[in-house]
Structures are given as C-alpha cells and as structure tokens.
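Enquirer: My structure is in coords34.pdb, and what it holds is PDB, C-alpha atoms and all ligand atoms:
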ATOM      1  CA  MET A1036      26.464   5.633   1.439
ATOM      2  CA  GLU A1037      24.960   7.159   4.555
ATOM      3  CA  SER A1038      21.552   5.532   4.119
ATOM      4  CA  MET A1039      23.239   2.132   3.948
ATOM      5  CA  ALA A1040      24.999   2.680   7.278
ATOM      6  CA  LYS A1041      24.768  -0.304   9.605
ATOM      7  CA  ASN A1042      22.508   0.012  12.621
ATOM      8  CA  THR A1043      24.151   1.295  15.792
ATOM      9  CA  ASP A1044      23.806  -0.573  19.091
ATOM     10  CA  ILE A1045      20.993   1.755  20.165
ATOM     11  CA  GLU A1046      19.177   1.261  16.859
ATOM     12  CA  ARG A1047      19.493  -2.522  17.104
ATOM     13  CA  LYS A1048      18.120  -2.423  20.656
ATOM     14  CA  LEU A1049      15.151  -0.284  19.566
ATOM     15  CA  ILE A1050      14.416  -2.546  16.567
ATOM     16  CA  LYS A1051      14.309  -5.503  18.942
ATOM     17  CA  GLU A1052      11.833  -3.695  21.181
ATOM     18  CA  ILE A1053       9.453  -2.958  18.293
ATOM     19  CA  ASP A1054       6.520  -5.374  18.086
ATOM     20  CA  LYS A1055       6.638  -6.524  14.451
ATOM     21  CA  THR A1056       3.043  -7.727  14.665
ATOM     22  CA  ASN A1057       1.742  -4.257  15.551
ATOM     23  CA  LEU A1058       3.562  -1.973  13.122
ATOM     24  CA  PRO A1059       1.805   1.116  11.841
ATOM     25  CA  ASN A1060       0.656   0.182   8.364
ATOM     26  CA  HIS A1061       0.938   3.777   7.171
ATOM     27  CA  ILE A1062       3.284   6.464   8.533
ATOM     28  CA  ALA A1063       2.960  10.087   7.418
ATOM     29  CA  ILE A1064       5.637  12.681   8.141
ATOM     30  CA  ILE A1065       5.672  16.490   8.145
ATOM     31  CA  MET A1066       9.395  17.065   7.663
ATOM     32  CA  ASP A1067       9.778  20.441   9.343
ATOM     33  CA  GLY A1068      12.697  22.519  10.607
ATOM     34  CA  ASN A1069      15.205  22.399   7.762
ATOM     35  CA  GLY A1070      15.499  26.201   7.741
ATOM     36  CA  ARG A1071      15.963  26.484  11.501
ATOM     37  CA  TRP A1072      18.512  23.673  11.531
ATOM     38  CA  ALA A1073      20.542  25.599   8.949
ATOM     39  CA  LYS A1074      20.122  28.982  10.668
ATOM     40  CA  LYS A1075      21.477  27.591  13.952
ATOM     41  CA  ARG A1076      24.610  26.619  12.054
ATOM     42  CA  PHE A1077      24.894  29.917  10.140
ATOM     43  CA  LEU A1078      24.214  28.025   6.910
ATOM     44  CA  PRO A1079      21.837  28.951   4.070
ATOM     45  CA  ARG A1080      18.348  27.407   4.291
ATOM     46  CA  THR A1081      19.106  25.254   1.268
ATOM     47  CA  ALA A1082      21.833  23.493   3.281
ATOM     48  CA  GLY A1083      19.065  22.445   5.666
ATOM     49  CA  HIS A1084      16.995  21.037   2.822
ATOM     50  CA  ARG A1085      20.041  19.199   1.489
ATOM     51  CA  GLU A1086      20.661  17.613   4.879
ATOM     52  CA  GLY A1087      16.928  16.874   4.995
ATOM     53  CA  VAL A1088      17.192  14.775   1.837
ATOM     54  CA  LYS A1089      19.766  12.580   3.602
ATOM     55  CA  ARG A1090      17.175  11.866   6.273
ATOM     56  CA  VAL A1091      14.584  11.117   3.577
ATOM     57  CA  ARG A1092      16.926   8.441   2.232
ATOM     58  CA  GLU A1093      17.586   7.037   5.685
ATOM     59  CA  ILE A1094      13.937   6.973   6.767
ATOM     60  CA  VAL A1095      12.661   5.446   3.502
ATOM     61  CA  LYS A1096      15.252   2.675   3.806
ATOM     62  CA  ALA A1097      14.466   2.070   7.485
ATOM     63  CA  CYS A1098      10.705   1.894   6.809
ATOM     64  CA  GLY A1099      11.247  -0.590   3.983
ATOM     65  CA  ASP A1100      13.537  -2.763   6.120
ATOM     66  CA  LEU A1101      11.089  -2.745   9.001
ATOM     67  CA  GLY A1102       8.153  -3.773   6.810
ATOM     68  CA  ILE A1103       6.122  -0.546   6.865
ATOM     69  CA  LYS A1104       3.730  -0.696   3.895
ATOM     70  CA  TYR A1105       2.953   3.001   3.307
ATOM     71  CA  LEU A1106       5.087   6.072   3.957
ATOM     72  CA  THR A1107       3.861   9.557   3.080
ATOM     73  CA  LEU A1108       6.287  12.486   3.097
ATOM     74  CA  TYR A1109       5.212  16.140   2.893
ATOM     75  CA  ALA A1110       7.789  17.515   0.466
ATOM     76  CA  PHE A1111       6.101  20.630  -0.946
ATOM     77  CA  SER A1112       2.758  22.180  -0.072
ATOM     78  CA  THR A1113       0.427  24.308  -2.190
ATOM     79  CA  GLU A1114       1.448  27.156   0.165
ATOM     80  CA  ASN A1115       5.192  26.644  -0.366
ATOM     81  CA  TRP A1116       4.959  28.560  -3.683
ATOM     82  CA  LYS A1117       4.964  31.702  -1.496
ATOM     83  CA  ARG A1118       8.642  31.110  -0.631
ATOM     84  CA  PRO A1119      11.421  33.043  -2.436
ATOM     85  CA  LYS A1120      12.017  31.772  -5.956
ATOM     86  CA  ASP A1121      15.582  30.712  -5.079
ATOM     87  CA  GLU A1122      14.363  28.411  -2.349
ATOM     88  CA  ILE A1123      11.613  26.911  -4.529
ATOM     89  CA  ASP A1124      14.158  26.282  -7.295
ATOM     90  CA  SER A1125      16.519  24.624  -4.886
ATOM     91  CA  LEU A1126      13.780  22.377  -3.436
ATOM     92  CA  MET A1127      12.802  21.305  -6.966
ATOM     93  CA  LYS A1128      16.447  20.692  -7.792
ATOM     94  CA  LEU A1129      16.875  18.531  -4.694
ATOM     95  CA  LEU A1130      13.820  16.512  -5.629
ATOM     96  CA  VAL A1131      15.181  15.914  -9.140
ATOM     97  CA  GLU A1132      18.584  14.962  -7.700
ATOM     98  CA  TYR A1133      16.981  12.614  -5.192
ATOM     99  CA  LEU A1134      14.947  10.830  -7.861
ATOM    100  CA  LYS A1135      17.890  10.657 -10.254
ATOM    101  CA  LYS A1136      20.266   9.277  -7.633
ATOM    102  CA  GLU A1137      17.889   7.005  -5.766
ATOM    103  CA  LEU A1138      15.532   5.631  -8.392
ATOM    104  CA  ASN A1139      17.518   2.468  -9.123
ATOM    105  CA  THR A1140      17.963   1.699  -5.430
ATOM    106  CA  LEU A1141      14.292   2.389  -4.709
ATOM    107  CA  HIS A1142      13.289   0.160  -7.603
ATOM    108  CA  LYS A1143      15.644  -2.607  -6.465
ATOM    109  CA  ASN A1144      14.133  -2.384  -2.983
ATOM    110  CA  ASN A1145      10.644  -2.836  -4.479
ATOM    111  CA  VAL A1146       9.491   0.681  -3.543
ATOM    112  CA  LYS A1147       6.577   2.130  -5.490
ATOM    113  CA  ILE A1148       6.633   5.894  -5.898
ATOM    114  CA  ASN A1149       3.314   7.653  -5.834
ATOM    115  CA  ILE A1150       2.639  11.381  -5.847
ATOM    116  CA  LEU A1151      -0.057  13.169  -3.862
ATOM    117  CA  GLY A1152      -0.750  16.579  -5.368
ATOM    118  CA  ASP A1153      -1.303  18.440  -8.595
ATOM    119  CA  LEU A1154       1.696  17.653 -10.790
ATOM    120  CA  GLU A1155       0.567  19.815 -13.663
ATOM    121  CA  LYS A1156       1.779  22.965 -11.910
ATOM    122  CA  LEU A1157       5.325  21.662 -11.428
ATOM    123  CA  PRO A1158       8.178  22.952 -13.609
ATOM    124  CA  SER A1159       8.875  20.618 -16.533
ATOM    125  CA  LEU A1160      12.095  18.978 -15.278
ATOM    126  CA  PRO A1161      10.774  17.796 -11.895
ATOM    127  CA  LYS A1162       7.520  16.828 -13.594
ATOM    128  CA  GLN A1163       9.410  14.658 -16.069
ATOM    129  CA  GLU A1164      11.531  12.999 -13.347
ATOM    130  CA  VAL A1165       8.472  12.329 -11.249
ATOM    131  CA  PHE A1166       6.548  10.740 -14.142
ATOM    132  CA  ASN A1167       9.585   8.627 -14.944
ATOM    133  CA  ALA A1168       9.863   7.444 -11.319
ATOM    134  CA  ILE A1169       6.139   6.601 -11.161
ATOM    135  CA  GLU A1170       6.343   4.690 -14.418
ATOM    136  CA  LYS A1171       9.477   2.738 -13.487
ATOM    137  CA  THR A1172       8.217   1.671 -10.065
ATOM    138  CA  ARG A1173       4.538   1.157 -10.949
ATOM    139  CA  ASN A1174       4.559  -2.623 -10.368
ATOM    140  CA  ASN A1175       6.484  -2.516  -7.079
ATOM    141  CA  ASN A1176       4.664  -3.358  -3.886
ATOM    142  CA  LYS A1177       6.899  -3.674  -0.824
ATOM    143  CA  LEU A1178       6.693  -0.064   0.310
ATOM    144  CA  ILE A1179       4.412   2.560  -1.194
ATOM    145  CA  LEU A1180       6.249   5.883  -0.948
ATOM    146  CA  ASN A1181       3.806   8.754  -1.297
ATOM    147  CA  ILE A1182       5.532  12.066  -1.924
ATOM    148  CA  ALA A1183       3.168  14.968  -1.280
ATOM    149  CA  LEU A1184       4.167  17.541  -3.884
ATOM    150  CA  ASN A1185       2.217  20.711  -4.553
ATOM    151  CA  TYR A1186      -0.158  19.124  -2.070
ATOM    152  CA  GLY A1187      -2.825  20.761   0.076
ATOM    153  CA  GLY A1188      -5.473  18.912   2.055
ATOM    154  CA  ARG A1189      -8.280  21.369   1.296
ATOM    155  CA  ASP A1190      -7.271  21.425  -2.343
ATOM    156  CA  GLU A1191      -7.421  17.622  -2.367
ATOM    157  CA  ILE A1192     -10.929  17.587  -0.888
ATOM    158  CA  ILE A1193     -12.263  20.194  -3.341
ATOM    159  CA  ARG A1194     -10.722  18.254  -6.219
ATOM    160  CA  ALA A1195     -12.371  15.038  -4.984
ATOM    161  CA  ILE A1196     -15.747  16.788  -4.700
ATOM    162  CA  LYS A1197     -15.448  18.107  -8.253
ATOM    163  CA  LEU A1198     -14.584  14.669  -9.628
ATOM    164  CA  LEU A1199     -17.437  13.135  -7.695
ATOM    165  CA  ALA A1200     -19.900  15.840  -8.784
ATOM    166  CA  LYS A1201     -18.934  15.291 -12.417
ATOM    167  CA  ASN A1202     -19.713  11.580 -12.037
ATOM    168  CA  VAL A1203     -23.089  12.408 -10.488
ATOM    169  CA  LYS A1204     -23.834  14.911 -13.251
ATOM    170  CA  ASP A1205     -22.960  12.297 -15.872
ATOM    171  CA  ASN A1206     -25.228   9.805 -14.111
ATOM    172  CA  LYS A1207     -22.344   7.439 -13.384
ATOM    173  CA  ILE A1208     -22.828   7.704  -9.613
ATOM    174  CA  GLN A1209     -26.128   8.188  -7.805
ATOM    175  CA  LEU A1210     -26.320  10.721  -4.991
ATOM    176  CA  GLU A1211     -27.573   8.026  -2.597
ATOM    177  CA  ASP A1212     -24.478   5.911  -3.297
ATOM    178  CA  ILE A1213     -22.050   8.490  -1.915
ATOM    179  CA  ASN A1214     -20.537   7.335   1.346
ATOM    180  CA  GLU A1215     -17.143   7.559   3.086
ATOM    181  CA  GLU A1216     -15.792   4.535   1.281
ATOM    182  CA  LEU A1217     -16.711   5.871  -2.145
ATOM    183  CA  PHE A1218     -15.549   9.417  -1.377
ATOM    184  CA  LYS A1219     -12.069   8.363  -0.272
ATOM    185  CA  GLU A1220     -11.422   6.802  -3.680
ATOM    186  CA  PHE A1221     -11.422  10.301  -5.168
ATOM    187  CA  LEU A1222      -8.655  11.523  -2.866
ATOM    188  CA  TYR A1223      -5.041  11.311  -4.000
ATOM    189  CA  THR A1224      -4.540   8.415  -1.568
ATOM    190  CA  GLY A1225      -7.352   6.422  -3.256
ATOM    191  CA  SER A1226      -7.807   2.990  -1.735
ATOM    192  CA  GLN A1227      -4.740   3.272   0.542
ATOM    193  CA  PRO A1228      -5.311   2.840   4.279
ATOM    194  CA  ASP A1229      -5.364   6.026   6.379
ATOM    195  CA  PRO A1230      -2.173   6.913   8.267
ATOM    196  CA  ASP A1231      -1.867   5.175  11.630
ATOM    197  CA  LEU A1232       0.919   7.456  12.787
ATOM    198  CA  LEU A1233       1.651  11.064  11.846
ATOM    199  CA  ILE A1234       5.029  12.468  12.837
ATOM    200  CA  ARG A1235       5.864  16.180  12.810
ATOM    201  CA  THR A1236       9.377  17.347  13.578
ATOM    202  CA  SER A1237      10.689  20.720  14.802
ATOM    203  CA  GLY A1238       8.340  21.348  17.718
ATOM    204  CA  GLU A1239       5.463  22.890  15.751
ATOM    205  CA  LEU A1240       2.080  21.591  16.898
ATOM    206  CA  ARG A1241       0.087  22.010  13.679
ATOM    207  CA  ILE A1242      -1.279  19.910  10.845
ATOM    208  CA  SER A1243      -0.632  22.520   8.136
ATOM    209  CA  ASN A1244      -3.242  21.269   5.672
ATOM    210  CA  PHE A1245      -1.714  17.768   5.523
ATOM    211  CA  LEU A1246      -4.013  14.787   4.842
ATOM    212  CA  ILE A1247      -6.789  16.517   6.741
ATOM    213  CA  TYR A1248      -9.462  14.037   5.623
ATOM    214  CA  GLN A1249      -7.319  10.936   6.164
ATOM    215  CA  ILE A1250      -6.070  11.645   9.708
ATOM    216  CA  ALA A1251      -9.441  11.408  11.495
ATOM    217  CA  TYR A1252      -8.185   8.549  13.741
ATOM    218  CA  THR A1253      -4.430   8.899  13.285
ATOM    219  CA  GLU A1254      -2.077   8.941  16.285
ATOM    220  CA  PHE A1255       0.093  12.088  16.391
ATOM    221  CA  TYR A1256       3.746  12.186  17.399
ATOM    222  CA  PHE A1257       5.414  15.564  17.786
ATOM    223  CA  THR A1258       9.123  15.965  18.440
ATOM    224  CA  ASP A1259      11.339  19.031  18.909
ATOM    225  CA  ILE A1260      14.050  17.481  16.709
ATOM    226  CA  TYR A1261      14.581  19.323  13.413
ATOM    227  CA  TRP A1262      14.074  17.186  10.316
ATOM    228  CA  PRO A1263      17.789  17.119   9.338
ATOM    229  CA  GLN A1264      18.448  15.440  12.708
ATOM    230  CA  PHE A1265      15.601  12.931  12.555
ATOM    231  CA  THR A1266      17.460   9.637  12.156
ATOM    232  CA  LYS A1267      16.245   6.027  12.216
ATOM    233  CA  GLU A1268      16.710   6.092  15.973
ATOM    234  CA  HIS A1269      14.012   8.772  16.250
ATOM    235  CA  LEU A1270      11.758   6.873  13.855
ATOM    236  CA  PHE A1271      12.032   3.722  15.973
ATOM    237  CA  LYS A1272      11.247   5.734  19.125
ATOM    238  CA  ALA A1273       8.163   7.200  17.439
ATOM    239  CA  ILE A1274       6.984   3.705  16.471
ATOM    240  CA  LEU A1275       7.545   2.426  20.018
ATOM    241  CA  ASP A1276       5.582   5.371  21.369
ATOM    242  CA  TYR A1277       2.773   4.566  18.922
ATOM    243  CA  GLN A1278       2.755   0.950  20.052
ATOM    244  CA  ASN A1279       2.082   2.069  23.611
ATOM    245  CA  ARG A1280      -1.074   3.925  22.628
ATOM    246  CA  ASN A1281      -4.525   2.501  23.126
ATOM    247  CA  ARG A1282      -6.426   3.053  19.881
ATOM    248  CA  ARG A1283     -10.175   2.873  20.291
ATOM    249  CA  PHE A1284     -11.513   4.475  17.096
ATOM    250  CA  GLY A1285     -14.419   5.930  19.029
ATOM    251  CA  GLY A1286     -15.175   2.675  20.834
ATOM    252  CA  ILE A1287     -14.395   1.835  24.443
TER     253      ILE A1287
HETATM  254  C1  LIG B1301      10.277  22.212   6.070
HETATM  255  O1  LIG B1301      11.365  22.938   6.558
HETATM  256  C2  LIG B1301      10.648  21.418   4.916
HETATM  257  C3  LIG B1301      10.198  21.632   3.642
HETATM  258  C4  LIG B1301       9.293  22.715   3.265
HETATM  259  C5  LIG B1301      10.635  20.795   2.535
HETATM  260  C6  LIG B1301      10.942  19.376   2.810
HETATM  261  C7  LIG B1301      11.777  18.915   1.711
HETATM  262  C8  LIG B1301      12.853  18.108   1.775
HETATM  263  C9  LIG B1301      13.297  17.440   3.002
HETATM  264  C10 LIG B1301      13.671  17.851   0.562
HETATM  265  C11 LIG B1301      13.019  17.355  -0.674
HETATM  266  C12 LIG B1301      12.154  16.170  -0.501
HETATM  267  C13 LIG B1301      12.299  14.950  -1.045
HETATM  268  C14 LIG B1301      11.214  13.930  -0.909
HETATM  269  C15 LIG B1301      13.509  14.534  -1.796
HETATM  270  P1  LIG B1301      11.252  24.519   6.612
HETATM  271  O2  LIG B1301      11.994  25.058   5.456
HETATM  272  O3  LIG B1301       9.832  24.953   6.692
HETATM  273  O4  LIG B1301      12.012  24.805   7.946
HETATM  274  P2  LIG B1301      11.756  26.007   8.965
HETATM  275  O5  LIG B1301      10.332  25.885   9.438
HETATM  276  O6  LIG B1301      12.754  25.744  10.034
HETATM  277  O7  LIG B1301      12.016  27.278   8.214
END
Could you take the file, read its structure, and then write that structure out as structure tokens?
Ligand code: FPP
Expert:
Amino acid sequence: MESMAKNTDIERKLIKEIDKTNLPNHIAIIMDGNGRWAKKRFLPRTAGHREGVKRVREIVKACGDLGIKYLTLYAFSTENWKRPKDEIDSLMKLLVEYLKKELNTLHKNNVKINILGDLEKLPSLPKQEVFNAIEKTRNNNKLILNIALNYGGRDEIIRAIKLLAKNVKDNKIQLEDINEELFKEFLYTGSQPDPDLLIRTSGELRISNFLIYQIAYTEFYFTDIYWPQFTKEHLFKAILDYQNRNRRFGGI
C-alpha cells in the first residue's frame, strides 16, 4: 500500500533533522489544488480528489509515526455545497471509501477520529460511516484526527455563541464567568490545543473560513505544491520551517 511505503533517503534525512522535542502539537491543513492538479493532466476534477485521498493516507500515517498529537484536515467546507452536485457526490463517496478502507488501520494505529462541523446536514451514508468511525475509535489517543466536514469558522463561532447564550439564559453560566478558556470549550475543537502550524497547499494565500478563532497565534506555511503532490517530504519540510520560527505569542 502506498501509505506504507518505506521512507526514501531524502525523507530519512529530513526526519533526522526534525527536533523531536519541538514538534508542533497540532497541525492543520487546507488541502487545496486537487482540481488544478487534475486539469493540468487533462483529468476530471474527481481524479484530483482521488489522488488527494492518497496524500491524506500518507500524511496521517506520517504524523502518527512522528508523534504529532493533533491533525486537522479541511475536507469539506460549508461553502463547498455550492459546487456541482456530481463533485459533491464524488467527494462524499471518497470520504465513505476512505473511512471504509482505512478504519481498521487507523484504529490499529490508535488514531481517534473526530469531526469538526455540522454532521446533521450530511447525506445519510457518509453520516453513518462517520458516526461509526467516531464510535469505533473513541478511546484511541495517539493521534487525534479532526476531519473538518461541512465546516465553516464563522458558523462554528455563531454555534458556540448560541450554545453559550442558552447556558446563560438557563442560569447555568453567569455572564461574568465568560472568558476565552470557557468560550473555546463550545467550539468544535473543545479542549484541544490550538494549531501550532497551518499548512495551505496550491499557492493560495487565504484562510477560507478555517479555524478562524483557533489560529490567533498559529504559524502559517504556504506552498505552491498542489495537494495531490504534497508527500511526507513536503510535510517534513514544513515542520522544519516551523521549527526555525521564533514564536513570541505577543511577548518579546
Ligand atoms: C480542494 O481542492 C480540496 C477539497 C475541496 C476537498 C479535499 C478533499 C479530499 C482531499 C478528499 C476527501 C477527504 C478525506 C479526509 C478522505 P479544489 O477542488 O478546491 O482544487 P482547485 O482549487 O484546484 O479547484
């Protein structure tokens, strides 16, 4: 299987260079450029998504092996419903296929699957597969794999405010008790640490409504590589780049 491929010489060299004591705890990725990758090869867009799933497998495995604790992948945004029905269907199908094929391996590798987004709006088959994957992996704790599905950052914040407001209305939380720590618990990411490193592929320099509350102090890494070409080698380079940054969190 491709994701099980042994590391190449370059990959081994990069792994050696990575400081294992200073790994990003949480990596978030905007997997962009599947369509353009396919177009360049005169292939349908869905072929790009299919190739993209191979990279998902490879990157999840590499993060687990390296000891990354949280990985968040932007798989489908609240805005992606505007795409042609064919493409939406094929993305949902790929997600179902991925979960069906990979669930046992993910479980064996102690990966916990978590979803960020409103699952209620998903078609019934993907919804079922997703619930099954969450249930099966609920006690795992090596790598938390967040899949952002029907996810939007603004949507997430409004949802959190509504939940919080309901608690205030019901007298379960006092207005004075609301602070950053309490508020974050109402986001899909709950008590998880904020991303340390956000990667976006394909050369676009935007955030596209992804984790907009959580990325206040996140380091950004943009690369021109299209997602279907983003291999472990690129992941390791992104981590090395991150390790050369000087994070001050507003201090000096
Ligand atoms: C962006 O490329 C990619 C997406 C909208 C979907 C990402 C989904 C996958 C990689 C597959 C399913 C995910 C999982 C977790 C199994 P684009 O279509 O916007 O590319 P373009 O900007 O070049 O058109």
Enquirer: Mind telling me what the PyMOL selection byres (((chain A and resi 1122) around 12) and not hetatm) catches here, as an MDAnalysis selection string?
Expert: chainID A and resid 1069:1070 1079:1085 1111 1115:1121 1123:1129
Enquirer: Since we have the selection now, will you write its residues out, keeping C-alpha atoms, as a tab-separated table (two decimals), in the coordinates of the input?
Expert:
chain	number	residue	atom	x	y	z
A	1069	ASN	CA	15.20	22.40	7.76
A	1070	GLY	CA	15.50	26.20	7.74
A	1079	PRO	CA	21.84	28.95	4.07
A	1080	ARG	CA	18.35	27.41	4.29
A	1081	THR	CA	19.11	25.25	1.27
A	1082	ALA	CA	21.83	23.49	3.28
A	1083	GLY	CA	19.07	22.44	5.67
A	1084	HIS	CA	17.00	21.04	2.82
A	1085	ARG	CA	20.04	19.20	1.49
A	1111	PHE	CA	6.10	20.63	-0.95
A	1115	ASN	CA	5.19	26.64	-0.37
A	1116	TRP	CA	4.96	28.56	-3.68
A	1117	LYS	CA	4.96	31.70	-1.50
A	1118	ARG	CA	8.64	31.11	-0.63
A	1119	PRO	CA	11.42	33.04	-2.44
A	1120	LYS	CA	12.02	31.77	-5.96
A	1121	ASP	CA	15.58	30.71	-5.08
A	1123	ILE	CA	11.61	26.91	-4.53
A	1124	ASP	CA	14.16	26.28	-7.30
A	1125	SER	CA	16.52	24.62	-4.89
A	1126	LEU	CA	13.78	22.38	-3.44
A	1127	MET	CA	12.80	21.30	-6.97
A	1128	LYS	CA	16.45	20.69	-7.79
A	1129	LEU	CA	16.88	18.53	-4.69
Enquirer: Could you list, as a PDB file with C-alpha atoms, in the coordinates of the input, every residue matched by the PyMOL selection byres (((chain A and resi 1133) around 10) and not hetatm) in this structure?
Expert:
ATOM      1  CA  ARG A1085      20.041  19.199   1.489  1.00  0.00           C
ATOM      2  CA  VAL A1088      17.192  14.775   1.837  1.00  0.00           C
ATOM      3  CA  LYS A1089      19.766  12.580   3.602  1.00  0.00           C
ATOM      4  CA  VAL A1091      14.584  11.117   3.577  1.00  0.00           C
ATOM      5  CA  ARG A1092      16.926   8.441   2.232  1.00  0.00           C
ATOM      6  CA  MET A1127      12.802  21.305  -6.966  1.00  0.00           C
ATOM      7  CA  LYS A1128      16.447  20.692  -7.792  1.00  0.00           C
ATOM      8  CA  LEU A1129      16.875  18.531  -4.694  1.00  0.00           C
ATOM      9  CA  LEU A1130      13.820  16.512  -5.629  1.00  0.00           C
ATOM     10  CA  VAL A1131      15.181  15.914  -9.140  1.00  0.00           C
ATOM     11  CA  GLU A1132      18.584  14.962  -7.700  1.00  0.00           C
ATOM     12  CA  LEU A1134      14.947  10.830  -7.861  1.00  0.00           C
ATOM     13  CA  LYS A1135      17.890  10.657 -10.254  1.00  0.00           C
ATOM     14  CA  LYS A1136      20.266   9.277  -7.633  1.00  0.00           C
ATOM     15  CA  GLU A1137      17.889   7.005  -5.766  1.00  0.00           C
ATOM     16  CA  LEU A1138      15.532   5.631  -8.392  1.00  0.00           C
ATOM     17  CA  GLU A1164      11.531  12.999 -13.347  1.00  0.00           C
TER      18      GLU A1164
END
Enquirer: Carefully work through the PyMOL selection byres (((chain A and resi 1144) around 9) and not hetatm) for this structure and note down the residues it includes, as a short mmCIF file (atom, residue, chain, number, x, y, z; two decimals) with C-alpha atoms, keeping the file's coordinate frame.
Expert:
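Okay, part-v6.cif is ready:
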data_model
loop_
_atom_site.label_atom_id
_atom_site.label_comp_id
_atom_site.auth_asym_id
_atom_site.auth_seq_id
_atom_site.Cartn_x
_atom_site.Cartn_y
_atom_site.Cartn_z
CA LYS A 1096 15.25 2.68 3.81
CA GLY A 1099 11.25 -0.59 3.98
CA ASN A 1139 17.52 2.47 -9.12
CA THR A 1140 17.96 1.70 -5.43
CA LEU A 1141 14.29 2.39 -4.71
CA HIS A 1142 13.29 0.16 -7.60
CA LYS A 1143 15.64 -2.61 -6.46
CA ASN A 1145 10.64 -2.84 -4.48
CA VAL A 1146 9.49 0.68 -3.54
CA ASN A 1175 6.48 -2.52 -7.08
CA LYS A 1177 6.90 -3.67 -0.82
CA LEU A 1178 6.69 -0.06 0.31
#
Enquirer: Can you pull out every residue within 6 Å of range 1055-1067 of chain A, counting only C-alpha atoms, but drop anything in the same chain fewer than 6 positions away, and send it as a list in words?
Expert: Ile1103, Lys1104, Tyr1105, Leu1106, Thr1107, Leu1108, Tyr1109, Pro1230, Asp1231, Leu1232, Leu1233, Ile1234, Arg1235, Thr1236, Ser1237 and Trp1262 of chain A
Enquirer: Restrict the selected residues to C-alpha atoms and save them as an mmCIF file, keeping the file's coordinate frame.
Expert:
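Output file result-v2.cif follows:
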data_model
loop_
_atom_site.group_PDB
_atom_site.id
_atom_site.type_symbol
_atom_site.label_atom_id
_atom_site.label_comp_id
_atom_site.auth_asym_id
_atom_site.auth_seq_id
_atom_site.Cartn_x
_atom_site.Cartn_y
_atom_site.Cartn_z
ATOM 1 C CA ILE A 1103 6.122 -0.546 6.865
ATOM 2 C CA LYS A 1104 3.730 -0.696 3.895
ATOM 3 C CA TYR A 1105 2.953 3.001 3.307
ATOM 4 C CA LEU A 1106 5.087 6.072 3.957
ATOM 5 C CA THR A 1107 3.861 9.557 3.080
ATOM 6 C CA LEU A 1108 6.287 12.486 3.097
ATOM 7 C CA TYR A 1109 5.212 16.140 2.893
ATOM 8 C CA PRO A 1230 -2.173 6.913 8.267
ATOM 9 C CA ASP A 1231 -1.867 5.175 11.630
ATOM 10 C CA LEU A 1232 0.919 7.456 12.787
ATOM 11 C CA LEU A 1233 1.651 11.064 11.846
ATOM 12 C CA ILE A 1234 5.029 12.468 12.837
ATOM 13 C CA ARG A 1235 5.864 16.180 12.810
ATOM 14 C CA THR A 1236 9.377 17.347 13.578
ATOM 15 C CA SER A 1237 10.689 20.720 14.802
ATOM 16 C CA TRP A 1262 14.074 17.186 10.316
#
Enquirer: Report, in Å to a single decimal, how far apart CA of Ile1196 in chain A and CA of Glu1216 in chain A are.
Expert: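 Between CA of Glu1216 in chain A and CA of Ile1196 in chain A the gap is 13.6 Å.
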Enquirer: So the first atom is CA of Ala1183 in chain A and the second is atom C14 of ligand LIG 1301 (chain B); what is the distance between them in Å, to one decimal place?
Expert: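 Atom C14 of ligand LIG 1301 (chain B) lies 8.1 Å from CA of Ala1183 in chain A.
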Enquirer: What is the distance, in Å and to one decimal place, between atom C7 of ligand LIG 1301 (chain B) and CA of Pro1161 in chain A?
Expert: 13.7 Å
Enquirer: Of the candidates A:Ala1040, A:Ser1243, A:Ile1169, A:Leu1222, which one gets nearest to Arg1194 in chain A if we count all atoms listed in the file?
Expert: A:Leu1222
Enquirer: Can you tell me, as JSON, the centre and edge lengths (Å, one decimal) of the axis-aligned box enclosing all of ligand LIG 1301 (chain B)'s listed atoms after padding each side by 5 Å?
Expert:
{"center_x": 11.5, "center_y": 20.6, "center_z": 4.1, "size_x": 14.4, "size_y": 23.3, "size_z": 21.8}
Enquirer: Here is a test: counting only C-alpha atoms, which residue of A:Asp1259, A:Glu1086, A:Glu1268, A:Asp1212 is nearest to Ile1050 in chain A?
Expert: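 Of the candidates, the smallest distance to Ile1050 in chain A is held by A:Glu1268.
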Enquirer: Can you put N, CA and C atoms back into range 1221-1233 of chain A and show it as a PDB file, keeping the file's coordinate frame?
Expert:
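Full text of rebuild-v1.pdb as output:
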ATOM      1  N   PHE A1221     -11.682   9.122  -4.343  1.00  0.00           N
ATOM      2  CA  PHE A1221     -11.422  10.301  -5.168  1.00  0.00           C
ATOM      3  C   PHE A1221     -10.291  11.171  -4.615  1.00  0.00           C
ATOM      4  N   LEU A1222      -9.805  10.801  -3.427  1.00  0.00           N
ATOM      5  CA  LEU A1222      -8.655  11.523  -2.866  1.00  0.00           C
ATOM      6  C   LEU A1222      -7.384  11.003  -3.523  1.00  0.00           C
ATOM      7  N   TYR A1223      -6.308  11.761  -3.403  1.00  0.00           N
ATOM      8  CA  TYR A1223      -5.041  11.311  -4.000  1.00  0.00           C
ATOM      9  C   TYR A1223      -4.606   9.959  -3.459  1.00  0.00           C
ATOM     10  N   THR A1224      -4.960   9.667  -2.191  1.00  0.00           N
ATOM     11  CA  THR A1224      -4.540   8.415  -1.568  1.00  0.00           C
ATOM     12  C   THR A1224      -5.411   7.228  -2.000  1.00  0.00           C
ATOM     13  N   GLY A1225      -6.498   7.484  -2.706  1.00  0.00           N
ATOM     14  CA  GLY A1225      -7.352   6.422  -3.256  1.00  0.00           C
ATOM     15  C   GLY A1225      -7.704   5.350  -2.248  1.00  0.00           C
ATOM     16  N   SER A1226      -7.400   4.096  -2.616  1.00  0.00           N
ATOM     17  CA  SER A1226      -7.807   2.990  -1.735  1.00  0.00           C
ATOM     18  C   SER A1226      -6.780   2.691  -0.640  1.00  0.00           C
ATOM     19  N   GLN A1227      -5.751   3.516  -0.508  1.00  0.00           N
ATOM     20  CA  GLN A1227      -4.740   3.272   0.542  1.00  0.00           C
ATOM     21  C   GLN A1227      -5.362   3.420   1.930  1.00  0.00           C
ATOM     22  N   PRO A1228      -4.811   2.668   2.910  1.00  0.00           N
ATOM     23  CA  PRO A1228      -5.311   2.840   4.279  1.00  0.00           C
ATOM     24  C   PRO A1228      -4.906   4.217   4.833  1.00  0.00           C
ATOM     25  N   ASP A1229      -5.691   4.740   5.750  1.00  0.00           N
ATOM     26  CA  ASP A1229      -5.364   6.026   6.379  1.00  0.00           C
ATOM     27  C   ASP A1229      -4.087   5.893   7.206  1.00  0.00           C
ATOM     28  N   PRO A1230      -3.372   6.999   7.418  1.00  0.00           N
ATOM     29  CA  PRO A1230      -2.173   6.913   8.267  1.00  0.00           C
ATOM     30  C   PRO A1230      -2.535   6.459   9.678  1.00  0.00           C
ATOM     31  N   ASP A1231      -1.703   5.580  10.232  1.00  0.00           N
ATOM     32  CA  ASP A1231      -1.867   5.175  11.630  1.00  0.00           C
ATOM     33  C   ASP A1231      -1.096   6.121  12.528  1.00  0.00           C
ATOM     34  N   LEU A1232       0.015   6.622  11.995  1.00  0.00           N
ATOM     35  CA  LEU A1232       0.919   7.456  12.787  1.00  0.00           C
ATOM     36  C   LEU A1232       1.346   8.654  11.950  1.00  0.00           C
ATOM     37  N   LEU A1233       1.180   9.847  12.512  1.00  0.00           N
ATOM     38  CA  LEU A1233       1.651  11.064  11.846  1.00  0.00           C
ATOM     39  C   LEU A1233       2.737  11.691  12.711  1.00  0.00           C
TER      40      LEU A1233
END
